[in-house]
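What follows is structure-v2.cif (mmCIF, C-alpha atoms).
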```
data_data
loop_
_atom_site.label_atom_id
_atom_site.label_comp_id
_atom_site.auth_asym_id
_atom_site.auth_seq_id
_atom_site.Cartn_x
_atom_site.Cartn_y
_atom_site.Cartn_z
CA MET D 1 -34.72 -20.36 -17.24
CA ALA D 2 -31.88 -22.01 -19.10
CA GLN D 3 -29.29 -21.80 -16.34
CA ILE D 4 -28.63 -25.12 -14.60
CA LYS D 5 -26.90 -25.20 -11.25
CA LYS D 6 -25.84 -28.02 -8.97
CA PHE D 7 -28.26 -27.99 -6.04
CA LEU D 8 -27.39 -29.96 -2.92
CA TYR D 9 -29.99 -30.48 -0.20
CA VAL D 10 -28.28 -31.46 3.06
CA ASN D 11 -30.56 -33.33 5.46
CA ARG D 12 -29.12 -33.46 8.97
CA LYS D 13 -32.06 -33.99 11.30
CA ALA D 14 -34.31 -36.88 12.36
CA PRO D 15 -37.57 -37.14 10.37
CA TYR D 16 -39.87 -36.38 13.30
CA GLY D 17 -39.38 -34.21 16.37
CA THR D 18 -38.92 -31.11 14.22
CA ILE D 19 -40.41 -30.14 10.86
CA TYR D 20 -37.09 -29.62 9.05
CA ALA D 21 -37.08 -32.99 7.25
CA TRP D 22 -40.60 -32.65 5.88
CA GLU D 23 -40.21 -29.02 4.85
CA SER D 24 -36.90 -29.90 3.19
CA LEU D 25 -38.69 -32.55 1.16
CA GLU D 26 -41.25 -29.95 0.12
CA VAL D 27 -38.45 -27.77 -1.28
CA VAL D 28 -36.99 -30.75 -3.17
CA LEU D 29 -40.37 -31.56 -4.74
CA ILE D 30 -41.05 -27.95 -5.76
CA GLY D 31 -37.46 -27.51 -6.91
CA ALA D 32 -37.79 -30.51 -9.23
CA ALA D 33 -39.90 -28.36 -11.55
CA PHE D 34 -36.91 -26.10 -12.18
CA ASP D 35 -34.84 -28.72 -14.06
CA GLN D 36 -31.72 -28.19 -11.99
CA ASP D 37 -28.97 -30.70 -11.26
CA VAL D 38 -30.21 -32.05 -7.92
CA MET D 39 -28.35 -33.99 -5.25
CA LEU D 40 -29.53 -35.02 -1.79
CA ALA D 41 -27.23 -35.68 1.14
CA PHE D 42 -28.15 -37.47 4.36
CA VAL D 43 -25.80 -37.00 7.31
CA ASP D 44 -25.98 -37.20 11.12
CA ASP D 45 -29.52 -37.99 12.35
CA GLY D 46 -30.70 -37.15 8.83
CA VAL D 47 -29.98 -40.76 7.86
CA TYR D 48 -33.05 -41.78 9.91
CA GLN D 49 -35.20 -39.99 7.32
CA ILE D 50 -34.66 -42.80 4.82
CA VAL D 51 -34.70 -45.79 7.18
CA LYS D 52 -37.39 -48.20 6.00
CA GLY D 53 -40.36 -49.36 8.03
CA ALA D 54 -41.26 -45.98 9.53
CA ASP D 55 -44.56 -46.09 11.45
CA THR D 56 -45.91 -42.82 12.82
CA LYS D 57 -49.28 -43.96 14.13
CA GLY D 58 -48.21 -43.64 17.75
CA ILE D 59 -47.28 -39.98 17.38
CA GLU D 60 -50.28 -39.05 15.19
CA MET D 61 -48.17 -37.48 12.49
CA LYS D 62 -48.37 -37.91 8.74
CA ASN D 63 -45.91 -40.59 7.64
CA PHE D 64 -44.04 -38.97 4.77
CA SER D 65 -41.65 -41.88 4.32
CA PRO D 66 -43.37 -43.02 1.06
CA THR D 67 -42.57 -39.64 -0.49
CA TYR D 68 -38.86 -40.50 -0.63
CA SER D 69 -39.67 -43.48 -2.85
CA ALA D 70 -41.30 -41.09 -5.33
CA LEU D 71 -38.16 -38.97 -5.71
CA GLY D 72 -37.01 -41.02 -8.71
CA ASP D 73 -40.14 -39.92 -10.58
CA TYR D 74 -39.11 -36.33 -9.90
CA ASP D 75 -35.74 -36.97 -11.55
CA VAL D 76 -33.97 -36.93 -8.19
CA LYS D 77 -31.50 -39.75 -8.66
CA LYS D 78 -28.36 -38.75 -6.80
CA ILE D 79 -28.75 -39.49 -3.11
CA TYR D 80 -25.61 -39.57 -0.99
CA VAL D 81 -25.60 -41.09 2.50
CA GLU D 82 -22.63 -40.62 4.77
CA LYS D 83 -21.10 -43.94 5.80
CA GLU D 84 -19.84 -42.71 9.17
CA SER D 85 -23.30 -41.42 10.14
CA LEU D 86 -24.80 -44.84 9.40
CA GLU D 87 -22.08 -46.67 11.33
CA LYS D 88 -22.39 -44.46 14.41
CA ARG D 89 -26.08 -45.34 14.56
CA GLY D 90 -25.63 -49.06 13.95
CA LEU D 91 -27.26 -48.86 10.53
CA THR D 92 -26.28 -50.35 7.19
CA VAL D 93 -27.55 -49.80 3.65
CA ASP D 94 -29.94 -52.74 4.22
CA ASP D 95 -31.83 -50.64 6.77
CA LEU D 96 -32.54 -47.94 4.20
CA LEU D 97 -35.39 -47.54 1.74
CA ASP D 98 -34.64 -49.10 -1.64
CA LEU D 99 -34.71 -45.88 -3.64
CA LYS D 100 -34.57 -46.29 -7.42
CA TRP D 101 -34.78 -44.25 -10.58
CA GLU D 102 -35.56 -45.42 -14.10
CA ASP D 103 -33.00 -44.87 -16.84
CA GLU D 104 -34.86 -43.83 -19.98
CA ASP D 105 -31.71 -44.23 -22.08
CA ASP D 106 -31.51 -47.92 -21.14
CA ASP D 107 -35.08 -49.19 -21.62
CA TRP D 108 -36.15 -47.77 -18.24
CA ALA D 109 -33.79 -50.01 -16.31
CA GLU D 110 -34.02 -49.47 -12.56
CA ARG D 111 -30.95 -47.98 -10.98
CA ASP D 112 -30.03 -47.38 -7.34
CA SER D 113 -30.37 -43.76 -6.27
CA ILE D 114 -28.55 -44.25 -2.97
CA HIS D 115 -24.78 -44.02 -2.85
CA ILE D 116 -22.94 -44.61 0.42
CA VAL D 117 -20.00 -42.21 0.65
CA SER D 118 -17.31 -41.48 3.22
CA SER D 119 -17.25 -38.14 5.03
CA ALA D 120 -14.27 -37.13 2.88
CA GLU D 121 -16.25 -37.91 -0.26
CA MET D 122 -19.23 -36.05 1.17
CA ALA D 123 -16.99 -33.02 1.72
CA ALA D 124 -15.97 -33.15 -1.95
CA ILE D 125 -19.65 -33.37 -3.01
CA MET D 126 -20.46 -30.31 -0.90
CA ASP D 127 -17.48 -28.47 -2.31
CA ASP D 128 -18.61 -29.26 -5.85
CA ALA D 129 -22.20 -28.05 -5.30
CA GLU D 130 -23.13 -24.51 -6.32
CA VAL D 131 -26.23 -24.05 -4.17
CA VAL D 132 -26.27 -25.79 -0.79
CA LEU D 133 -29.48 -25.80 1.23
CA SER D 134 -29.05 -27.33 4.66
CA PHE D 135 -31.94 -28.51 6.75
CA MET V 136 -21.52 -9.97 -5.54
CA LYS V 137 -25.17 -10.92 -5.68
CA PHE V 138 -26.45 -12.68 -2.54
CA SER V 139 -29.65 -14.48 -1.66
CA ILE V 140 -30.45 -15.04 2.00
CA GLN V 141 -32.46 -17.85 3.56
CA ILE V 142 -33.65 -17.58 7.18
CA ASN V 143 -34.92 -20.75 8.83
CA GLU V 144 -35.62 -19.66 12.41
CA GLY V 145 -38.05 -17.33 14.13
CA PRO V 146 -37.13 -14.06 15.88
CA TYR V 147 -35.85 -13.85 19.49
CA GLN V 148 -35.84 -17.64 20.08
CA HIS V 149 -32.83 -17.99 17.80
CA GLN V 150 -30.07 -15.70 16.59
CA ALA V 151 -30.45 -16.68 12.92
CA SER V 152 -32.58 -13.68 11.94
CA ASP V 153 -30.32 -11.24 13.83
CA THR V 154 -27.20 -12.59 12.15
CA ALA V 155 -28.87 -12.62 8.75
CA TYR V 156 -29.90 -9.00 9.28
CA GLN V 157 -26.35 -7.95 10.23
CA PHE V 158 -24.96 -9.87 7.24
CA THR V 159 -27.49 -8.33 4.84
CA LYS V 160 -26.81 -4.83 6.14
CA ALA V 161 -23.03 -5.29 5.92
CA ALA V 162 -23.32 -6.67 2.39
CA LEU V 163 -25.42 -3.70 1.26
CA ASP V 164 -23.07 -1.23 3.02
CA ASN V 165 -20.20 -2.77 1.07
CA GLY V 166 -21.90 -2.35 -2.29
CA HIS V 167 -23.17 -5.90 -2.77
CA GLU V 168 -26.59 -6.76 -4.08
CA ILE V 169 -29.24 -8.75 -2.19
CA PHE V 170 -31.40 -10.56 -4.72
CA ARG V 171 -33.91 -11.81 -2.18
CA VAL V 172 -34.39 -12.69 1.49
CA PHE V 173 -36.44 -15.87 1.83
CA PHE V 174 -38.01 -16.87 5.15
CA TYR V 175 -38.68 -20.57 5.69
CA HIS V 176 -39.65 -22.93 8.54
CA ASP V 177 -40.23 -20.83 11.71
CA GLY V 178 -38.43 -18.03 9.88
CA VAL V 179 -41.82 -16.87 8.60
CA ASN V 180 -42.51 -15.57 12.12
CA ASN V 181 -40.11 -12.71 11.32
CA GLY V 182 -42.86 -11.28 9.14
CA THR V 183 -45.74 -10.55 11.52
CA ARG V 184 -46.39 -6.90 12.35
CA LEU V 185 -48.08 -7.95 15.63
CA THR V 186 -44.70 -8.62 17.23
CA THR V 187 -44.32 -6.37 20.30
CA PRO V 188 -40.94 -6.75 22.01
CA PRO V 189 -40.06 -4.77 25.17
CA GLN V 190 -39.07 -1.19 24.38
CA ASP V 191 -35.47 -1.62 25.44
CA ASP V 192 -34.97 -4.51 23.00
CA ARG V 193 -34.43 -4.50 19.24
CA ASN V 194 -37.53 -4.90 17.08
CA ILE V 195 -36.47 -7.59 14.66
CA VAL V 196 -39.56 -7.29 12.45
CA THR V 197 -39.56 -3.51 11.97
CA ARG V 198 -35.81 -3.63 11.48
CA TRP V 199 -36.36 -5.87 8.42
CA SER V 200 -39.24 -3.66 7.22
CA ASP V 201 -37.10 -0.54 7.51
CA LEU V 202 -34.16 -2.14 5.71
CA ALA V 203 -36.50 -3.31 2.95
CA ALA V 204 -37.90 0.20 2.51
CA GLU V 205 -34.44 1.73 2.42
CA HIS V 206 -32.93 -0.73 -0.08
CA GLU V 207 -36.02 -2.05 -1.92
CA LEU V 208 -35.32 -5.52 -0.52
CA ASP V 209 -37.49 -8.42 -1.62
CA LEU V 210 -38.59 -10.11 1.65
CA VAL V 211 -40.49 -13.32 0.87
CA LEU V 212 -42.30 -15.59 3.32
CA CYS V 213 -42.91 -19.16 2.15
CA VAL V 214 -46.65 -19.61 1.71
CA ALA V 215 -46.81 -23.24 2.92
CA ALA V 216 -44.72 -22.48 6.00
CA ALA V 217 -46.71 -19.28 6.65
CA GLN V 218 -50.09 -21.00 6.41
CA ARG V 219 -49.03 -23.60 8.98
CA ARG V 220 -47.89 -20.92 11.38
CA GLY V 221 -50.65 -18.34 10.97
CA ILE V 222 -48.81 -15.65 9.04
CA VAL V 223 -51.42 -14.10 6.76
CA ASP V 224 -51.59 -11.32 4.15
CA GLU V 225 -54.75 -9.85 2.66
CA GLY V 226 -54.92 -12.37 -0.18
CA GLU V 227 -54.42 -15.36 2.11
CA MET V 228 -56.98 -13.93 4.53
CA GLU V 229 -59.63 -13.84 1.80
CA ARG V 230 -58.66 -17.16 0.22
CA ASN V 231 -58.77 -19.06 3.50
CA GLY V 232 -61.71 -17.22 5.08
CA LYS V 233 -59.71 -15.81 8.00
CA ASP V 234 -60.86 -12.79 10.04
CA ALA V 235 -57.52 -10.99 10.12
CA ASN V 236 -54.11 -10.60 8.57
CA ASN V 237 -50.78 -9.84 10.21
CA ILE V 238 -48.07 -9.48 7.56
CA ALA V 239 -45.55 -6.72 8.23
CA PRO V 240 -44.76 -3.92 5.74
CA GLY V 241 -42.20 -4.83 3.10
CA PHE V 242 -42.87 -8.58 3.30
CA ARG V 243 -44.79 -10.64 0.76
CA ILE V 244 -46.00 -14.26 0.74
CA SER V 245 -45.06 -16.50 -2.16
CA GLY V 246 -44.08 -20.05 -3.09
CA LEU V 247 -40.98 -22.17 -2.63
CA GLY V 248 -40.13 -21.60 -6.29
CA GLN V 249 -38.92 -18.20 -5.14
CA LEU V 250 -36.27 -19.92 -3.02
CA ILE V 251 -35.08 -22.07 -5.92
CA GLU V 252 -34.99 -19.01 -8.17
CA ALA V 253 -33.02 -17.16 -5.49
CA GLY V 254 -30.47 -19.98 -5.56
CA ILE V 255 -30.22 -19.88 -9.33
CA GLN V 256 -30.01 -16.11 -9.71
CA ALA V 257 -27.58 -15.28 -6.92
CA ASP V 258 -23.83 -15.86 -6.87
CA ARG V 259 -24.19 -17.17 -3.31
CA LEU V 260 -27.15 -18.41 -1.30
CA VAL V 261 -26.39 -17.97 2.41
CA VAL V 262 -28.52 -19.99 4.84
CA PHE V 263 -29.05 -18.87 8.45
CA GLY V 264 -30.47 -21.38 10.91
CA ASP V 265 -29.82 -24.38 13.08
#
```
Could you express the structure from this file as structure tokens?
Amino acid sequence: MAQIKKFLYVNRKAPYGTIYAWESLEVVLIGAAFDQDVMLAFVDDGVYQIVKGADTKGIEMKNFSPTYSALGDYDVKKIYVEKESLEKRGLTVDDLLDLKWEDEDDDWAERDSIHIVSSAEMAAIMDDAEVVLSF
Amino acid sequence: MKFSIQINEGPYQHQASDTAYQFTKAALDNGHEIFRVFFYHDGVNNGTRLTTPPQDDRNIVTRWSDLAAEHELDLVLCVAAAQRRGIVDEGEMERNGKDANNIAPGFRISGLGQLIEAGIQADRLVVFGD
């Protein structure tokens, strides 16, 4: 399958409460095998999915927070977080997981996967994507 | 144009499957191609033949089955989502040692790769859900 398209996964919902976040992550992980151009977006309550320090013991659910840190190994290195969504929830980039990917063209230097973008920039990213899956 | 459809919500609770059905039908009526309809999340509940709505209501499941038969539609239920929610075909029944299956005619169970492929192959992937 030689064709490469720009895939954008839009995550809009809190990590627990509904299954959307986890099942979205499952698509991202499976999709990684298809060698497409992958981008992830986190907007609205979706930004809570990548807040660090998640502890799910009290609700007896599997904590899938560590899976986000593995995304770099799946070649998922473009993660866009909407600035306005963070601000509305009193969050900053320091509250988020430190997601990295390793640049094989530069002696495996660690690079930040997370990019904070304005809603206008997010709109442009969505416009540029060829396949948009929203969860 | 070649469309792929993704349905993320179950029948009756949510309008997603109804709207997706109307969209799919309209697209076919206007000469477009539907590459695949992929059911994800609670959307897999659109594929159980045990659904029994009141007689004066639409039957969402048989409506999909009938449309699939008429147009050779590829209706795919995500296997991981289906296993969680008890949607079972003959193969899954045997593999997981279950005593029954419930998949509706015209549907098949397969992996998430089918959704990615649907996105790659179609001109547009249209997602119906919350």
Interface rows for range 9-58 of chain D against range 237-249 of chain V: nearest pair, Å to one decimal, 10 Å, only C-alpha atoms, as JSON lines:
```
{"residue": "D:Glu26", "atom": "CA", "partner": "V:Leu247", "partner_atom": "CA", "distance": 8.3}
{"residue": "D:Val27", "atom": "CA", "partner": "V:Leu247", "partner_atom": "CA", "distance": 6.3}
{"residue": "D:Val28", "atom": "CA", "partner": "V:Leu247", "partner_atom": "CA", "distance": 9.5}
{"residue": "D:Leu29", "atom": "CA", "partner": "V:Leu247", "partner_atom": "CA", "distance": 9.6}
{"residue": "D:Ile30", "atom": "CA", "partner": "V:Gly248", "partner_atom": "CA", "distance": 6.4}
{"residue": "D:Gly31", "atom": "CA", "partner": "V:Gly248", "partner_atom": "CA", "distance": 6.5}
{"residue": "D:Ala32", "atom": "CA", "partner": "V:Gly248", "partner_atom": "CA", "distance": 9.7}
{"residue": "D:Ala33", "atom": "CA", "partner": "V:Gly248", "partner_atom": "CA", "distance": 8.6}
{"residue": "D:Phe34", "atom": "CA", "partner": "V:Gly248", "partner_atom": "CA", "distance": 8.1}
```
Mind writing the picked residues with C-alpha atoms as a PDB file, in the coordinates of the input?
```
ATOM      1  CA  GLU D  26     -41.250 -29.950   0.120  1.00  0.00           C
ATOM      2  CA  VAL D  27     -38.450 -27.770  -1.280  1.00  0.00           C
ATOM      3  CA  VAL D  28     -36.990 -30.750  -3.170  1.00  0.00           C
ATOM      4  CA  LEU D  29     -40.370 -31.560  -4.740  1.00  0.00           C
ATOM      5  CA  ILE D  30     -41.050 -27.950  -5.760  1.00  0.00           C
ATOM      6  CA  GLY D  31     -37.460 -27.510  -6.910  1.00  0.00           C
ATOM      7  CA  ALA D  32     -37.790 -30.510  -9.230  1.00  0.00           C
ATOM      8  CA  ALA D  33     -39.900 -28.360 -11.550  1.00  0.00           C
ATOM      9  CA  PHE D  34     -36.910 -26.100 -12.180  1.00  0.00           C
TER      10      PHE D  34
END
```
As a PyMOL selection string, could you give me every residue of chain D near chain V (at most 9 Å apart, counting only C-alpha atoms)? chain D and resi 3-5+7+19-20+23+26-27+30-31+33-34+36+130-135
Where does the PyMOL selection byres ((chain D and resi 45-56) around 7) land in this file, that is, which residues does it pick, as an NGL selection string? :D and (11-15 or 42-44 or 57-63 or 65 or 81 or 86 or 95-97)
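Taking CA of Asp201 in chain V as the reference point, CA of Arg184 in chain V is found at 12.3 Å.
Considering the residues D:Ser24, D:Thr92, D:Ser118, D:Thr67 and counting all atoms listed in the file, Leu40 in chain D has its shortest atom-to-atom contact with D:Ser24.
Residues matching the PyMOL selection byres ((chain V and resi 208) around 12) in this structure come to V:Phe138, V:Ser139, V:Ile140, V:Tyr156, V:Thr159, V:Lys160, V:Leu163, V:Glu168, V:Ile169, V:Phe170, V:Arg171, V:Val172, V:Phe173, V:Trp199, V:Ser200, V:Asp201, V:Leu202, V:Ala203, V:Ala204, V:Glu205, V:His206, V:Glu207, V:Asp209, V:Leu210, V:Val211, V:Pro240, V:Gly241, V:Phe242, V:Arg243.
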Could you rebuild range 193-222 of chain V with N, CA and C atoms and give me the result as an mmCIF file, in the frame of the given file?
```
data_model
loop_
_atom_site.group_PDB
_atom_site.id
_atom_site.type_symbol
_atom_site.label_atom_id
_atom_site.label_comp_id
_atom_site.auth_asym_id
_atom_site.auth_seq_id
_atom_site.Cartn_x
_atom_site.Cartn_y
_atom_site.Cartn_z
ATOM 1 N N ARG V 193 -34.324 -4.729 20.679
ATOM 2 C CA ARG V 193 -34.430 -4.500 19.240
ATOM 3 C C ARG V 193 -35.763 -5.018 18.728
ATOM 4 N N ASN V 194 -36.330 -4.363 17.714
ATOM 5 C CA ASN V 194 -37.530 -4.900 17.080
ATOM 6 C C ASN V 194 -37.121 -5.546 15.761
ATOM 7 N N ILE V 195 -37.021 -6.845 15.795
ATOM 8 C CA ILE V 195 -36.470 -7.590 14.660
ATOM 9 C C ILE V 195 -37.336 -7.410 13.409
ATOM 10 N N VAL V 196 -38.654 -7.376 13.601
ATOM 11 C CA VAL V 196 -39.560 -7.290 12.450
ATOM 12 C C VAL V 196 -39.475 -5.919 11.784
ATOM 13 N N THR V 197 -39.594 -4.848 12.583
ATOM 14 C CA THR V 197 -39.560 -3.510 11.970
ATOM 15 C C THR V 197 -38.171 -3.203 11.412
ATOM 16 N N ARG V 198 -37.159 -3.826 11.997
ATOM 17 C CA ARG V 198 -35.810 -3.630 11.480
ATOM 18 C C ARG V 198 -35.719 -4.157 10.046
ATOM 19 N N TRP V 199 -36.316 -5.334 9.792
ATOM 20 C CA TRP V 199 -36.360 -5.870 8.420
ATOM 21 C C TRP V 199 -37.196 -4.964 7.515
ATOM 22 N N SER V 200 -38.367 -4.527 8.030
ATOM 23 C CA SER V 200 -39.240 -3.660 7.220
ATOM 24 C C SER V 200 -38.515 -2.388 6.816
ATOM 25 N N ASP V 201 -37.806 -1.794 7.783
ATOM 26 C CA ASP V 201 -37.100 -0.540 7.510
ATOM 27 C C ASP V 201 -35.978 -0.755 6.490
ATOM 28 N N LEU V 202 -35.253 -1.854 6.647
ATOM 29 C CA LEU V 202 -34.160 -2.140 5.710
ATOM 30 C C LEU V 202 -34.705 -2.382 4.300
ATOM 31 N N ALA V 203 -35.868 -3.039 4.252
ATOM 32 C CA ALA V 203 -36.500 -3.310 2.950
ATOM 33 C C ALA V 203 -36.907 -2.007 2.278
ATOM 34 N N ALA V 204 -37.461 -1.082 3.066
ATOM 35 C CA ALA V 204 -37.900 0.200 2.510
ATOM 36 C C ALA V 204 -36.707 1.007 1.998
ATOM 37 N N GLU V 205 -35.628 0.941 2.754
ATOM 38 C CA GLU V 205 -34.440 1.730 2.420
ATOM 39 C C GLU V 205 -33.740 1.209 1.165
ATOM 40 N N HIS V 206 -33.717 -0.117 1.005
ATOM 41 C CA HIS V 206 -32.930 -0.730 -0.080
ATOM 42 C C HIS V 206 -33.784 -1.480 -1.103
ATOM 43 N N GLU V 207 -35.099 -1.317 -1.038
ATOM 44 C CA GLU V 207 -36.020 -2.050 -1.920
ATOM 45 C C GLU V 207 -35.733 -3.556 -1.894
ATOM 46 N N LEU V 208 -35.572 -4.079 -0.672
ATOM 47 C CA LEU V 208 -35.320 -5.520 -0.520
ATOM 48 C C LEU V 208 -36.576 -6.312 -0.826
ATOM 49 N N ASP V 209 -36.378 -7.509 -1.372
ATOM 50 C CA ASP V 209 -37.490 -8.420 -1.620
ATOM 51 C C ASP V 209 -37.540 -9.431 -0.466
ATOM 52 N N LEU V 210 -38.461 -9.219 0.488
ATOM 53 C CA LEU V 210 -38.590 -10.110 1.650
ATOM 54 C C LEU V 210 -39.756 -11.054 1.393
ATOM 55 N N VAL V 211 -39.459 -12.344 1.249
ATOM 56 C CA VAL V 211 -40.490 -13.320 0.870
ATOM 57 C C VAL V 211 -40.693 -14.364 1.961
ATOM 58 N N LEU V 212 -41.944 -14.534 2.371
ATOM 59 C CA LEU V 212 -42.300 -15.590 3.320
ATOM 60 C C LEU V 212 -42.860 -16.767 2.533
ATOM 61 N N CYS V 213 -42.398 -17.969 2.835
ATOM 62 C CA CYS V 213 -42.910 -19.160 2.150
ATOM 63 C C CYS V 213 -44.380 -19.365 2.496
ATOM 64 N N VAL V 214 -45.201 -19.536 1.482
ATOM 65 C CA VAL V 214 -46.650 -19.610 1.710
ATOM 66 C C VAL V 214 -47.035 -20.859 2.512
ATOM 67 N N ALA V 215 -46.439 -22.001 2.207
ATOM 68 C CA ALA V 215 -46.810 -23.240 2.920
ATOM 69 C C ALA V 215 -46.407 -23.140 4.389
ATOM 70 N N ALA V 216 -45.193 -22.639 4.633
ATOM 71 C CA ALA V 216 -44.720 -22.480 6.000
ATOM 72 C C ALA V 216 -45.549 -21.425 6.742
ATOM 73 N N ALA V 217 -45.932 -20.358 6.045
ATOM 74 C CA ALA V 217 -46.710 -19.280 6.650
ATOM 75 C C ALA V 217 -48.122 -19.737 7.013
ATOM 76 N N GLN V 218 -48.726 -20.518 6.128
ATOM 77 C CA GLN V 218 -50.090 -21.000 6.410
ATOM 78 C C GLN V 218 -50.102 -21.875 7.663
ATOM 79 N N ARG V 219 -49.094 -22.739 7.789
ATOM 80 C CA ARG V 219 -49.030 -23.600 8.980
ATOM 81 C C ARG V 219 -48.920 -22.788 10.255
ATOM 82 N N ARG V 220 -48.233 -21.654 10.158
ATOM 83 C CA ARG V 220 -47.890 -20.920 11.380
ATOM 84 C C ARG V 220 -48.708 -19.655 11.581
ATOM 85 N N GLY V 221 -49.739 -19.467 10.755
ATOM 86 C CA GLY V 221 -50.650 -18.340 10.970
ATOM 87 C C GLY V 221 -50.087 -16.982 10.593
ATOM 88 N N ILE V 222 -49.265 -16.940 9.569
ATOM 89 C CA ILE V 222 -48.810 -15.650 9.040
ATOM 90 C C ILE V 222 -49.618 -15.402 7.763
#
```
